[in-house]
file query28.pdb (PDB, C-alpha atoms)
ATOM      1  CA  MET A 118     -73.985 -42.670  11.816
ATOM      2  CA  GLU A 119     -73.312 -39.519  13.814
ATOM      3  CA  TYR A 120     -73.898 -36.441  11.694
ATOM      4  CA  PRO A 121     -72.141 -33.155  12.486
ATOM      5  CA  LEU A 122     -74.014 -30.114  13.723
ATOM      6  CA  LEU A 123     -73.599 -26.902  11.800
ATOM      7  CA  SER A 124     -71.150 -24.478  13.383
ATOM      8  CA  LEU A 125     -69.246 -21.448  12.161
ATOM      9  CA  GLU A 126     -66.001 -23.431  12.336
ATOM     10  CA  LEU A 127     -67.352 -26.303  10.212
ATOM     11  CA  ALA A 128     -68.954 -23.949   7.690
ATOM     12  CA  ARG A 129     -65.681 -22.031   7.369
ATOM     13  CA  GLU A 130     -63.747 -25.260   6.832
ATOM     14  CA  ILE A 131     -66.101 -26.460   4.091
ATOM     15  CA  GLU A 132     -66.377 -23.113   2.312
ATOM     16  CA  LEU A 133     -62.662 -22.351   2.351
ATOM     17  CA  GLU A 134     -61.714 -25.838   1.165
ATOM     18  CA  GLU A 135     -63.881 -25.278  -1.896
ATOM     19  CA  ALA A 136     -62.727 -21.703  -2.359
ATOM     20  CA  GLU A 137     -59.069 -22.715  -2.256
ATOM     21  CA  ALA A 138     -59.688 -25.390  -4.892
ATOM     22  CA  ALA A 139     -61.203 -22.730  -7.154
ATOM     23  CA  VAL A 140     -58.258 -20.417  -6.448
ATOM     24  CA  ALA A 141     -55.852 -23.170  -7.481
ATOM     25  CA  CYS A 142     -57.868 -23.662 -10.670
ATOM     26  CA  ALA A 143     -57.605 -19.952 -11.519
ATOM     27  CA  GLU A 144     -53.873 -19.971 -10.807
ATOM     28  CA  ARG A 145     -53.319 -22.941 -13.136
ATOM     29  CA  LEU A 146     -55.405 -21.224 -15.799
ATOM     30  CA  MET A 147     -53.280 -18.075 -15.523
ATOM     31  CA  ALA A 148     -50.067 -20.101 -15.651
ATOM     32  CA  ALA A 149     -51.242 -21.845 -18.816
ATOM     33  CA  GLN A 150     -52.906 -18.941 -20.648
ATOM     34  CA  GLY A 151     -51.501 -15.760 -19.127
ATOM     35  CA  ASP A 152     -52.623 -13.408 -16.378
ATOM     36  CA  GLY A 153     -55.591 -12.153 -18.367
ATOM     37  CA  ALA A 154     -57.250 -15.563 -18.301
ATOM     38  CA  GLY A 155     -58.009 -15.472 -14.582
ATOM     39  CA  ALA A 156     -57.845 -13.464 -11.397
ATOM     40  CA  VAL A 157     -57.997 -14.035  -7.637
ATOM     41  CA  ALA A 158     -58.531 -11.623  -4.746
ATOM     42  CA  SER A 159     -58.791 -12.227  -1.017
ATOM     43  CA  VAL A 160     -62.024 -10.542   0.098
ATOM     44  CA  GLY A 161     -63.897 -10.583   3.390
ATOM     45  CA  GLY A 162     -62.318 -13.763   4.695
ATOM     46  CA  GLY A 163     -62.933 -15.639   1.431
ATOM     47  CA  TYR A 164     -61.947 -15.348  -2.216
ATOM     48  CA  ALA A 165     -63.218 -13.737  -5.390
ATOM     49  CA  ILE A 166     -62.274 -15.920  -8.364
ATOM     50  CA  TYR A 167     -62.377 -15.151 -12.084
ATOM     51  CA  CYS A 168     -61.899 -17.999 -14.559
ATOM     52  CA  GLY A 169     -63.305 -16.440 -17.695
ATOM     53  CA  ALA A 170     -66.660 -15.000 -18.702
ATOM     54  CA  ASN A 171     -69.715 -16.982 -17.559
ATOM     55  CA  SER A 172     -67.578 -19.754 -16.105
ATOM     56  CA  PRO A 173     -69.224 -21.661 -13.207
ATOM     57  CA  VAL A 174     -65.990 -20.997 -11.278
ATOM     58  CA  THR A 175     -66.246 -17.237 -11.778
ATOM     59  CA  GLN A 176     -67.749 -16.271  -8.444
ATOM     60  CA  ALA A 177     -66.832 -15.409  -4.857
ATOM     61  CA  VAL A 178     -66.860 -18.038  -2.086
ATOM     62  CA  GLY A 179     -66.381 -17.952   1.673
ATOM     63  CA  LEU A 180     -67.080 -14.263   2.284
ATOM     64  CA  GLY A 181     -68.195 -13.078   5.704
ATOM     65  CA  LEU A 182     -67.048 -16.090   7.716
ATOM     66  CA  ASP A 183     -64.309 -14.139   9.517
ATOM     67  CA  GLY A 184     -66.536 -11.334  10.756
ATOM     68  CA  VAL A 185     -67.516  -7.950   9.379
ATOM     69  CA  VAL A 186     -67.031  -7.310   5.645
ATOM     70  CA  SER A 187     -65.992  -3.668   5.184
ATOM     71  CA  ASN A 188     -67.108  -1.296   2.448
ATOM     72  CA  GLU A 189     -63.547  -1.256   1.122
ATOM     73  CA  GLU A 190     -63.496  -5.037   0.813
ATOM     74  CA  PHE A 191     -66.854  -5.097  -0.931
ATOM     75  CA  ASP A 192     -65.656  -2.392  -3.313
ATOM     76  CA  ARG A 193     -62.666  -4.601  -4.145
ATOM     77  CA  LEU A 194     -65.010  -7.523  -4.834
ATOM     78  CA  GLU A 195     -67.090  -5.534  -7.286
ATOM     79  CA  GLU A 196     -64.062  -3.982  -8.980
ATOM     80  CA  LEU A 197     -62.576  -7.416  -9.749
ATOM     81  CA  TYR A 198     -65.659  -8.423 -11.728
ATOM     82  CA  PHE A 199     -66.958  -5.144 -13.112
ATOM     83  CA  SER A 200     -63.511  -4.272 -14.495
ATOM     84  CA  ARG A 201     -63.778  -7.495 -16.521
ATOM     85  CA  LYS A 202     -67.342  -6.767 -17.703
ATOM     86  CA  GLU A 203     -68.670  -9.607 -15.562
ATOM     87  CA  PRO A 204     -71.603  -9.648 -13.108
ATOM     88  CA  VAL A 205     -70.771 -10.196  -9.437
ATOM     89  CA  ARG A 206     -71.884 -13.581  -8.107
ATOM     90  CA  VAL A 207     -71.342 -14.557  -4.474
ATOM     91  CA  GLU A 208     -72.069 -18.002  -3.037
ATOM     92  CA  THR A 209     -73.216 -17.114   0.464
ATOM     93  CA  CYS A 210     -73.202 -19.369   3.513
ATOM     94  CA  PRO A 211     -75.992 -18.751   6.084
ATOM     95  CA  MET A 212     -73.296 -18.428   8.770
ATOM     96  CA  ALA A 213     -71.851 -15.341   7.050
ATOM     97  CA  ASP A 214     -71.725 -12.089   9.021
ATOM     98  CA  GLY A 215     -74.791  -9.880   8.695
ATOM     99  CA  SER A 216     -72.703  -7.060   7.238
ATOM    100  CA  LEU A 217     -72.437  -9.033   3.994
ATOM    101  CA  ILE A 218     -76.228  -9.236   3.655
ATOM    102  CA  GLU A 219     -76.447  -5.515   4.337
ATOM    103  CA  HIS A 220     -74.063  -4.822   1.443
ATOM    104  CA  TYR A 221     -76.327  -6.852  -0.836
ATOM    105  CA  ARG A 222     -79.362  -4.842   0.268
ATOM    106  CA  GLU A 223     -77.684  -1.480  -0.137
ATOM    107  CA  ARG A 224     -76.235  -2.238  -3.574
ATOM    108  CA  GLY A 225     -79.231  -3.865  -5.220
ATOM    109  CA  TYR A 226     -78.251  -7.542  -5.352
ATOM    110  CA  HIS A 227     -80.801 -10.237  -6.125
ATOM    111  CA  VAL A 228     -80.976 -13.956  -5.358
ATOM    112  CA  SER A 229     -80.207 -16.057  -8.435
ATOM    113  CA  GLU A 230     -79.673 -19.593  -7.122
ATOM    114  CA  PHE A 231     -79.883 -21.956  -4.159
ATOM    115  CA  SER A 232     -77.714 -25.016  -3.500
ATOM    116  CA  ASN A 233     -77.672 -27.498  -0.656
ATOM    117  CA  VAL A 234     -74.382 -28.391   1.013
ATOM    118  CA  MET A 235     -74.880 -32.050   1.869
ATOM    119  CA  VAL A 236     -72.714 -34.175   4.142
ATOM    120  CA  ARG A 237     -72.399 -37.614   5.657
ATOM    121  CA  PRO A 238     -69.779 -39.267   7.862
ATOM    122  CA  VAL A 239     -67.230 -41.425   6.071
ATOM    123  CA  GLU A 240     -67.299 -44.977   7.383
ATOM    124  CA  LYS A 241     -64.940 -47.797   6.595
ATOM    125  CA  SER A 242     -66.589 -50.609   4.703
ATOM    126  CA  GLY A 243     -65.701 -53.374   2.318
ATOM    127  CA  ALA A 244     -65.740 -53.068  -1.444
ATOM    128  CA  ALA A 245     -69.222 -52.353  -2.752
ATOM    129  CA  ALA A 246     -70.876 -54.887  -5.044
ATOM    130  CA  LEU A 247     -71.526 -53.090  -8.326
ATOM    131  CA  PRO A 248     -74.517 -53.856 -10.555
ATOM    132  CA  ASP A 249     -73.985 -56.206 -13.471
ATOM    133  CA  GLY A 250     -72.450 -54.460 -16.444
ATOM    134  CA  ILE A 251     -71.147 -51.507 -14.390
ATOM    135  CA  GLU A 252     -67.424 -50.854 -14.028
ATOM    136  CA  ILE A 253     -65.679 -47.956 -12.263
ATOM    137  CA  HIS A 254     -62.034 -47.072 -12.772
ATOM    138  CA  LYS A 255     -59.762 -44.157 -12.000
ATOM    139  CA  ALA A 256     -58.771 -42.091 -15.021
ATOM    140  CA  ALA A 257     -55.130 -42.474 -15.992
ATOM    141  CA  ASP A 258     -52.996 -39.435 -16.842
ATOM    142  CA  GLY A 259     -53.538 -40.022 -20.540
ATOM    143  CA  GLU A 260     -57.326 -40.194 -20.117
ATOM    144  CA  ILE A 261     -57.949 -36.808 -18.501
ATOM    145  CA  ASP A 262     -58.940 -35.117 -21.759
ATOM    146  CA  LEU A 263     -61.432 -37.910 -22.448
ATOM    147  CA  TRP A 264     -62.744 -37.655 -18.875
ATOM    148  CA  THR A 265     -63.171 -33.886 -19.198
ATOM    149  CA  LEU A 266     -65.103 -34.168 -22.460
ATOM    150  CA  THR A 267     -67.290 -36.978 -21.119
ATOM    151  CA  VAL A 268     -68.290 -35.117 -17.955
ATOM    152  CA  ALA A 269     -68.837 -31.870 -19.881
ATOM    153  CA  GLN A 270     -71.151 -33.658 -22.320
ATOM    154  CA  GLY A 271     -73.051 -35.125 -19.382
ATOM    155  CA  PHE A 272     -73.640 -31.577 -18.112
ATOM    156  CA  ALA A 273     -74.559 -30.193 -21.542
ATOM    157  CA  GLU A 274     -78.202 -29.707 -20.533
ATOM    158  CA  ASP A 275     -77.078 -27.259 -17.816
ATOM    159  CA  PHE A 276     -73.876 -25.785 -19.292
ATOM    160  CA  PRO A 277     -72.973 -25.546 -22.993
ATOM    161  CA  VAL A 278     -69.854 -27.514 -23.917
ATOM    162  CA  THR A 279     -67.572 -24.636 -24.816
ATOM    163  CA  HIS A 280     -63.803 -24.441 -25.077
ATOM    164  CA  GLU A 281     -63.777 -22.272 -21.942
ATOM    165  CA  ILE A 282     -65.783 -24.801 -19.898
ATOM    166  CA  ILE A 283     -63.554 -27.644 -21.084
ATOM    167  CA  SER A 284     -60.440 -25.670 -20.097
ATOM    168  CA  VAL A 285     -61.716 -24.941 -16.587
ATOM    169  CA  MET A 286     -62.810 -28.534 -16.008
ATOM    170  CA  ARG A 287     -59.393 -29.682 -17.171
ATOM    171  CA  MET A 288     -57.769 -27.395 -14.609
ATOM    172  CA  PHE A 289     -59.927 -28.853 -11.839
ATOM    173  CA  ALA A 290     -59.095 -32.378 -12.951
ATOM    174  CA  ASP A 291     -55.397 -31.560 -12.663
ATOM    175  CA  GLY A 292     -55.820 -30.249  -9.131
ATOM    176  CA  LYS A 293     -53.734 -31.447  -6.206
ATOM    177  CA  ASN A 294     -55.331 -34.405  -4.391
ATOM    178  CA  THR A 295     -58.077 -34.638  -7.023
ATOM    179  CA  GLU A 296     -58.978 -38.013  -8.517
ATOM    180  CA  CYS A 297     -61.175 -38.524 -11.584
ATOM    181  CA  TYR A 298     -63.255 -41.637 -12.197
ATOM    182  CA  PHE A 299     -65.010 -43.162 -15.200
ATOM    183  CA  ALA A 300     -68.178 -45.224 -15.155
ATOM    184  CA  ARG A 301     -68.589 -47.804 -17.888
ATOM    185  CA  VAL A 302     -71.843 -49.514 -18.794
ATOM    186  CA  ASP A 303     -71.444 -52.751 -20.752
ATOM    187  CA  GLY A 304     -67.889 -51.696 -21.538
ATOM    188  CA  LYS A 305     -68.815 -48.253 -22.890
ATOM    189  CA  ILE A 306     -67.883 -44.999 -21.187
ATOM    190  CA  ALA A 307     -71.089 -43.703 -19.631
ATOM    191  CA  GLY A 308     -70.049 -40.888 -17.297
ATOM    192  CA  GLY A 309     -67.600 -39.692 -14.706
ATOM    193  CA  ALA A 310     -67.081 -37.951 -11.388
ATOM    194  CA  THR A 311     -64.428 -36.326  -9.211
ATOM    195  CA  LEU A 312     -63.144 -36.969  -5.713
ATOM    196  CA  ALA A 313     -61.313 -34.099  -4.000
ATOM    197  CA  LEU A 314     -59.338 -35.273  -0.961
ATOM    198  CA  ARG A 315     -58.940 -32.222   1.287
ATOM    199  CA  GLY A 316     -57.676 -33.222   4.699
ATOM    200  CA  ARG A 317     -60.528 -34.665   6.705
ATOM    201  CA  ILE A 318     -63.132 -33.646   4.108
ATOM    202  CA  ALA A 319     -63.776 -35.571   0.901
ATOM    203  CA  GLY A 320     -65.514 -33.543  -1.791
ATOM    204  CA  LEU A 321     -67.672 -35.496  -4.247
ATOM    205  CA  PHE A 322     -68.133 -33.288  -7.290
ATOM    206  CA  GLY A 323     -68.522 -33.221 -11.047
ATOM    207  CA  ALA A 324     -70.759 -36.279 -11.389
ATOM    208  CA  SER A 325     -72.519 -36.553 -14.727
ATOM    209  CA  THR A 326     -73.860 -39.278 -17.004
ATOM    210  CA  LEU A 327     -74.281 -39.278 -20.773
ATOM    211  CA  PRO A 328     -78.013 -39.173 -21.601
ATOM    212  CA  GLN A 329     -78.168 -42.624 -23.211
ATOM    213  CA  PHE A 330     -76.777 -44.293 -20.076
ATOM    214  CA  ARG A 331     -78.906 -42.676 -17.406
ATOM    215  CA  ASN A 332     -80.882 -44.741 -14.876
ATOM    216  CA  ARG A 333     -78.483 -47.664 -15.262
ATOM    217  CA  GLY A 334     -76.757 -47.347 -11.861
ATOM    218  CA  GLY A 335     -73.553 -45.665 -12.984
ATOM    219  CA  GLN A 336     -73.782 -42.687 -10.629
ATOM    220  CA  THR A 337     -74.633 -44.866  -7.632
ATOM    221  CA  ALA A 338     -71.598 -47.015  -8.404
ATOM    222  CA  LEU A 339     -69.378 -43.914  -8.710
ATOM    223  CA  LEU A 340     -70.628 -42.755  -5.329
ATOM    224  CA  HIS A 341     -69.889 -46.123  -3.682
ATOM    225  CA  VAL A 342     -66.362 -46.277  -5.050
ATOM    226  CA  ARG A 343     -65.496 -42.688  -4.109
ATOM    227  CA  MET A 344     -66.795 -43.151  -0.567
ATOM    228  CA  GLN A 345     -64.661 -46.261  -0.225
ATOM    229  CA  ARG A 346     -61.626 -44.363  -1.476
ATOM    230  CA  ALA A 347     -62.308 -41.502   0.974
ATOM    231  CA  ALA A 348     -62.355 -43.997   3.833
ATOM    232  CA  GLU A 349     -59.026 -45.461   2.661
ATOM    233  CA  ARG A 350     -57.496 -41.960   2.761
ATOM    234  CA  GLY A 351     -58.693 -41.345   6.311
ATOM    235  CA  CYS A 352     -61.341 -38.725   5.514
ATOM    236  CA  GLU A 353     -63.959 -38.150   8.200
ATOM    237  CA  LEU A 354     -66.656 -36.251   6.343
ATOM    238  CA  ALA A 355     -67.929 -36.410   2.765
ATOM    239  CA  MET A 356     -69.653 -33.407   1.208
ATOM    240  CA  SER A 357     -71.412 -32.731  -2.034
ATOM    241  CA  LEU A 358     -73.557 -30.017  -3.593
ATOM    242  CA  ALA A 359     -77.037 -30.357  -5.039
ATOM    243  CA  VAL A 360     -79.820 -28.131  -6.284
ATOM    244  CA  PRO A 361     -82.757 -28.429  -3.863
ATOM    245  CA  GLY A 362     -85.275 -31.006  -5.062
ATOM    246  CA  SER A 363     -83.074 -32.205  -7.938
ATOM    247  CA  ALA A 364     -82.409 -35.753  -9.054
ATOM    248  CA  SER A 365     -78.853 -35.335  -7.748
ATOM    249  CA  GLN A 366     -80.165 -34.498  -4.287
ATOM    250  CA  ARG A 367     -82.480 -37.520  -4.323
ATOM    251  CA  ASN A 368     -79.644 -39.798  -5.379
ATOM    252  CA  ILE A 369     -77.193 -38.722  -2.705
ATOM    253  CA  THR A 370     -79.902 -38.585  -0.030
ATOM    254  CA  ARG A 371     -80.471 -42.278  -0.676
ATOM    255  CA  ARG A 372     -76.762 -42.748   0.045
ATOM    256  CA  GLY A 373     -77.080 -41.208   3.496
ATOM    257  CA  PHE A 374     -76.241 -37.571   2.788
ATOM    258  CA  ARG A 375     -78.130 -34.871   4.672
ATOM    259  CA  THR A 376     -78.417 -31.151   4.055
ATOM    260  CA  LEU A 377     -76.112 -29.279   6.436
ATOM    261  CA  TYR A 378     -77.072 -25.841   5.116
ATOM    262  CA  THR A 379     -78.363 -24.106   2.022
ATOM    263  CA  ARG A 380     -76.234 -21.604   0.164
ATOM    264  CA  VAL A 381     -77.754 -18.601  -1.553
ATOM    265  CA  LYS A 382     -76.139 -17.055  -4.611
ATOM    266  CA  PHE A 383     -76.464 -13.270  -4.653
ATOM    267  CA  GLU A 384     -75.837 -11.507  -7.935
ATOM    268  CA  ARG A 385     -75.509  -8.003  -9.310
ATOM    269  CA  GLU A 386     -75.480  -7.198 -13.006
ATOM    270  CA  LEU A 387     -73.050  -4.764 -14.567
ATOM    271  CA  PRO A 388     -73.988  -1.141 -13.815
ATOM    272  CA  SER A 389     -75.616   0.543 -16.788
TER
END
call {"tool": "encode", "arguments": {"input": "query28.pdb", "output": "structure tokens"}}
result
Amino acid sequence: MEYPLLSLELAREIELEEAEAAVACAERLMAAQGDGAGAVASVGGGYAIYCGANSPVTQAVGLGLDGVVSNEEFDRLEELYFSRKEPVRVETCPMADGSLIEHYRERGYHVSEFSNVMVRPVEKSGAAALPDGIEIHKAADGEIDLWTLTVAQGFAEDFPVTHEIISVMRMFADGKNTECYFARVDGKIAGGATLALRGRIAGLFGASTLPQFRNRGGQTALLHVRMQRAAERGCELAMSLAVPGSASQRNITRRGFRTLYTRVKFERELPS
């Protein structure tokens, strides 16, 4: 397989595809619950997104990939979050303009998280042979609430299953060109995952397994099926996110994914 080399153009494409999906999520949340439920602002070539307090979607993505980020733009970023009593969190690509890093230094930001952006070429292949007892199927319209609850429960060790988290995940599941999949083990729902079809890039996100079904092959099967579907839709590149050194990174590395770059999350608490 021929893996892509990191470039500003590729980084911008990946970051903005994800940012625009989060923007769409915030817009659906506002349409469903009113303007106070979410907010979006274009900042520094990317987007600042608010989807409720402490939501994993409440952060800025894609900043600094169109050149210099001005003081005025950075002020607008902070105002969006501080006015809502929320810390500022910015997922930062290493290709971002140096002016963004300078803003962090001057305003007292700290590093709170790292995540690897992992990619592999999408290749056409036949249907994968799934392990005995494992079944994968696409969630029907009437199963989205069940899918949302299942995946949220699979993530419960990292994020508490709150009404707010369920609502945001439901908005993502309803996204344009987003497909949700169940994994069943011996006929029982064991986990789920998402496939976001975004032009030539297929995003593999939201994979989780209920604790009692882990290490049974469900996530590997979900990965196989989503890669096959991405090939059918003509995608050229698959991408996923993983915490460095995590079980998720090990699993997708075994499936041929490689780290393209590492994001750094910079954060600033509310001013006292």
call {"tool": "residues_around", "arguments": {"input": "query28.pdb", "residues": "Lys202 of chain A", "least_positions_apart": "3", "cutoff": "8 Å", "atoms": "only C-alpha atoms", "output": "ChimeraX atom specification"}}
result
/A:198-199,387
call {"tool": "write_last_selection", "arguments": {"input": "query28.pdb", "atoms": "C-alpha atoms", "output": "PDB file, in the coordinates of the input"}}
result
ATOM      1  CA  TYR A 198     -65.659  -8.423 -11.728  1.00  0.00           C
ATOM      2  CA  PHE A 199     -66.958  -5.144 -13.112  1.00  0.00           C
ATOM      3  CA  LEU A 387     -73.050  -4.764 -14.567  1.00  0.00           C
TER       4      LEU A 387
END
call {"tool": "atom_distance", "arguments": {"input": "query28.pdb", "atom1": "atom CA of Gly362 of chain A", "atom2": "atom CA of Ser232 of chain A"}}
result
9.8 Å
call {"tool": "closest_residue", "arguments": {"input": "query28.pdb", "among": "A:Ala143, A:Leu327, A:Ala319, A:Met235", "to": "Ala273 of chain A", "atoms": "all atoms listed in the file"}}
result
A:Leu327
call {"tool": "residues_around", "arguments": {"input": "query28.pdb", "residues": "segment 154-166 of chain A", "least_positions_apart": "3", "cutoff": "9 Å", "atoms": "only C-alpha atoms", "output": "ChimeraX atom specification"}}
result
/A:132-133,136-137,139-140,143-151,169,174-187,190-191,193-194,197-198,207,217
call {"tool": "residues_around", "arguments": {"input": "query28.pdb", "residues": "Arg372 of chain A", "least_positions_apart": "6", "cutoff": "9 Å", "atoms": "all atoms listed in the file", "output": "list in words"}}
result
Arg237, Thr337, Leu340 and His341 of chain A
call {"tool": "closest_residue", "arguments": {"input": "query28.pdb", "among": "A:Ile251, A:Cys352, A:Met288, A:Ile369", "to": "Gly304 of chain A", "atoms": "only C-alpha atoms"}}
result
A:Ile251
call {"tool": "resolve_selection", "arguments": {"input": "query28.pdb", "expression": "the PyMOL selection byres ((chain A and resi 128) around 12)", "output": "ChimeraX atom specification"}}
result
/A:121-127,129-135,178-183,209-213,234-236,318,356,377-380
call {"tool": "atom_distance", "arguments": {"input": "query28.pdb", "atom1": "atom CA of Glu195 of chain A", "atom2": "atom CA of His280 of chain A"}}
result
26.2 Å
call {"tool": "residues_near_point", "arguments": {"input": "query28.pdb", "point": "(-73.5, -42.8, -8.8)", "cutoff": "9 Å", "atoms": "all atoms listed in the file", "output": "list in words"}}
result
Ala300, Gly309, Ala310, Ala324, Ser325, Thr326, Gly334, Gly335, Gln336, Thr337, Ala338, Leu339, Leu340, His341, Val342, Asn368 and Ile369 of chain A
call {"tool": "closest_residue", "arguments": {"input": "query28.pdb", "among": "A:Met286, A:Val302, A:Cys297, A:Val278", "to": "Cys168 of chain A", "atoms": "all atoms listed in the file"}}
result
A:Met286
call {"tool": "resolve_selection", "arguments": {"input": "query28.pdb", "expression": "the PyMOL selection byres ((chain A and resi 312) around 7)", "output": "number ranges by chain"}}
result
A: 295-297, 310-311, 313-314, 319-322, 343
call {"tool": "atom_distance", "arguments": {"input": "query28.pdb", "atom1": "atom CA of Ala359 of chain A", "atom2": "atom CA of Asp262 of chain A"}}
result
25.1 Å
call {"tool": "residues_around", "arguments": {"input": "query28.pdb", "residues": "Glu119 of chain A", "least_positions_apart": "4", "cutoff": "12 Å", "atoms": "all atoms listed in the file", "output": "list of chain:residue names"}}
result
A:Val236, A:Arg237, A:Pro238, A:Val239, A:Glu240, A:Glu353, A:Leu354, A:Gly373, A:Phe374, A:Arg375
call {"tool": "resolve_selection", "arguments": {"input": "query28.pdb", "expression": "the PyMOL selection byres ((chain A and resi 204) around 6)", "output": "list in words"}}
result
Glu203, Val205, Arg385, Glu386 and Leu387 of chain A
call {"tool": "axis_aligned_box", "arguments": {"input": "query28.pdb", "around": "segment 328-332 of chain A", "padding_each_side": "5 Å", "output": "AutoDock Vina command-line options"}}
result
--center_x -78.8 --center_y -42.0 --center_z -19.0 --size_x 14.1 --size_y 15.6 --size_z 18.3
call {"tool": "closest_residue", "arguments": {"input": "query28.pdb", "among": "A:Ser200, A:Thr267, A:Asn233, A:Ser284", "to": "Ser357 of chain A", "atoms": "only C-alpha atoms"}}
result
A:Asn233
call {"tool": "closest_residue", "arguments": {"input": "query28.pdb", "among": "A:Trp264, A:Glu252, A:Thr279, A:Gln270", "to": "Arg301 of chain A", "atoms": "all atoms listed in the file"}}
result
A:Glu252
call {"tool": "closest_residue", "arguments": {"input": "query28.pdb", "among": "A:Met118, A:Ile261, A:Ile306, A:Val381", "to": "Phe289 of chain A", "atoms": "only C-alpha atoms"}}
result
A:Ile261
call {"tool": "build_atoms", "arguments": {"input": "query28.pdb", "residues": "segment 166-184 of chain A", "atoms": "N, CA and C atoms", "output": "tab-separated table (two decimals), in the frame of the given file"}}
result
chain	number	residue	atom	x	y	z
A	166	ILE	N	-63.00	-15.16	-7.35
A	166	ILE	CA	-62.27	-15.92	-8.36
A	166	ILE	C	-62.85	-15.61	-9.74
A	167	TYR	N	-61.97	-15.35	-10.69
A	167	TYR	CA	-62.38	-15.15	-12.08
A	167	TYR	C	-61.66	-16.17	-12.95
A	168	CYS	N	-62.46	-16.99	-13.65
A	168	CYS	CA	-61.90	-18.00	-14.56
A	168	CYS	C	-62.51	-17.88	-15.95
A	169	GLY	N	-62.73	-16.66	-16.38
A	169	GLY	CA	-63.30	-16.44	-17.70
A	169	GLY	C	-64.78	-16.08	-17.61
A	170	ALA	N	-65.28	-15.45	-18.66
A	170	ALA	CA	-66.66	-15.00	-18.70
A	170	ALA	C	-67.63	-16.16	-18.59
A	171	ASN	N	-68.62	-16.02	-17.73
A	171	ASN	CA	-69.72	-16.98	-17.56
A	171	ASN	C	-69.27	-18.36	-17.09
A	172	SER	N	-68.03	-18.47	-16.63
A	172	SER	CA	-67.58	-19.75	-16.10
A	172	SER	C	-68.28	-20.05	-14.79
A	173	PRO	N	-68.64	-21.33	-14.51
A	173	PRO	CA	-69.22	-21.66	-13.21
A	173	PRO	C	-68.27	-21.42	-12.04
A	174	VAL	N	-66.98	-21.26	-12.32
A	174	VAL	CA	-65.99	-21.00	-11.28
A	174	VAL	C	-65.85	-19.50	-11.02
A	175	THR	N	-66.36	-18.69	-11.92
A	175	THR	CA	-66.25	-17.24	-11.78
A	175	THR	C	-67.29	-16.75	-10.78
A	176	GLN	N	-66.88	-16.71	-9.53
A	176	GLN	CA	-67.75	-16.27	-8.44
A	176	GLN	C	-66.90	-16.12	-7.18
A	177	ALA	N	-67.50	-15.56	-6.14
A	177	ALA	CA	-66.83	-15.41	-4.86
A	177	ALA	C	-67.39	-16.44	-3.88
A	178	VAL	N	-66.49	-16.98	-3.03
A	178	VAL	CA	-66.86	-18.04	-2.09
A	178	VAL	C	-66.21	-17.75	-0.74
A	179	GLY	N	-66.95	-18.02	0.33
A	179	GLY	CA	-66.38	-17.95	1.67
A	179	GLY	C	-66.39	-16.59	2.32
A	180	LEU	N	-67.08	-15.61	1.73
A	180	LEU	CA	-67.08	-14.26	2.28
A	180	LEU	C	-67.89	-14.21	3.58
A	181	GLY	N	-67.44	-13.36	4.50
A	181	GLY	CA	-68.19	-13.08	5.70
A	181	GLY	C	-68.07	-14.09	6.82
A	182	LEU	N	-67.18	-15.05	6.69
A	182	LEU	CA	-67.05	-16.09	7.72
A	182	LEU	C	-65.95	-15.77	8.72
A	183	ASP	N	-65.31	-14.62	8.55
A	183	ASP	CA	-64.31	-14.14	9.52
A	183	ASP	C	-64.75	-12.84	10.18
A	184	GLY	N	-66.04	-12.55	10.13
A	184	GLY	CA	-66.54	-11.33	10.76
A	184	GLY	C	-66.99	-10.30	9.75
